[in-house]
Amino acid sequence: MTIRHLIQTAALAAALGASVTLPAMAESTNSVTFEGWANQTAPRYQGRIPRDIYLDEMGRRWDADRNHLGTRELYLNDLRSRWDTIDPNSQGMTPAEISRMTGKVDSNTSGTPMSGSGAQPGNMGPGNSKAQ
């Protein structure tokens with residue numbers, strides 16, 4: 001094999017490895033979004049996700065994110081502490097409660113009523129100079 005063939009083979013192997021890794025990662029987390037994972041997981045535990053299941057998932061997501069700050073241990077210790085404050089009796093939390101705890105509230109769990117039109121106020125009209 002020539003150097004060119006080795007490089008092409010290595011590039012192909014890397015591309016195949018990435019395509020195999022991504023679905024496996026999505027399968028282990030059951031969803032690309034956290035809200036999707038939480039909404040799929042909660043019914044398995046009578047609507048309330050146990051702390052250890054949540055922390056395992058967040059640890060997997062921390063490992064998969066290359067742009068994280070700090071250490072995995074500090075990240076999980078912070079989540080564990082916040083969880084214990086909100087759920088001192090270890091009953092588990094609903095996806096909506098977890099969303100409120102993390103501050104990343106999904107629109108389906110926010111509790112904010114949705115309007116009938118689905119339109120948002122703001123600079124969205126076609127005649128609006130800011131929208132152009």
# chains A, B, ... in the order shown; residues from 1 in each chain; ligands from 1

$ select_by_dssp --residues "stretch 69-99 of chain A" --states "alpha helix (DSSP H)" --output "list in words"
Arg72, Glu73, Leu74, Tyr75, Leu76, Asn77, Asp78, Leu79, Arg80, Ser81, Arg82, Trp83, Asp84, Thr85, Ile86, Pro95, Ala96, Glu97, Ile98 and Ser99 of chain A

$ closest_residue --among "A:Asp52, A:Glu73, A:Asp65, A:Glu35" --to "A:Arg100" --atoms "only C-alpha atoms"
A:Glu35

$ closest_residue --among "A:Leu69, A:Leu74, A:Ala38, A:Val32" --to "A:Tyr54" --atoms "only C-alpha atoms"
A:Ala38

$ atom_distance --atom1 "atom CA of A:Thr71" --atom2 "atom CA of A:Thr102"
18.0 Å
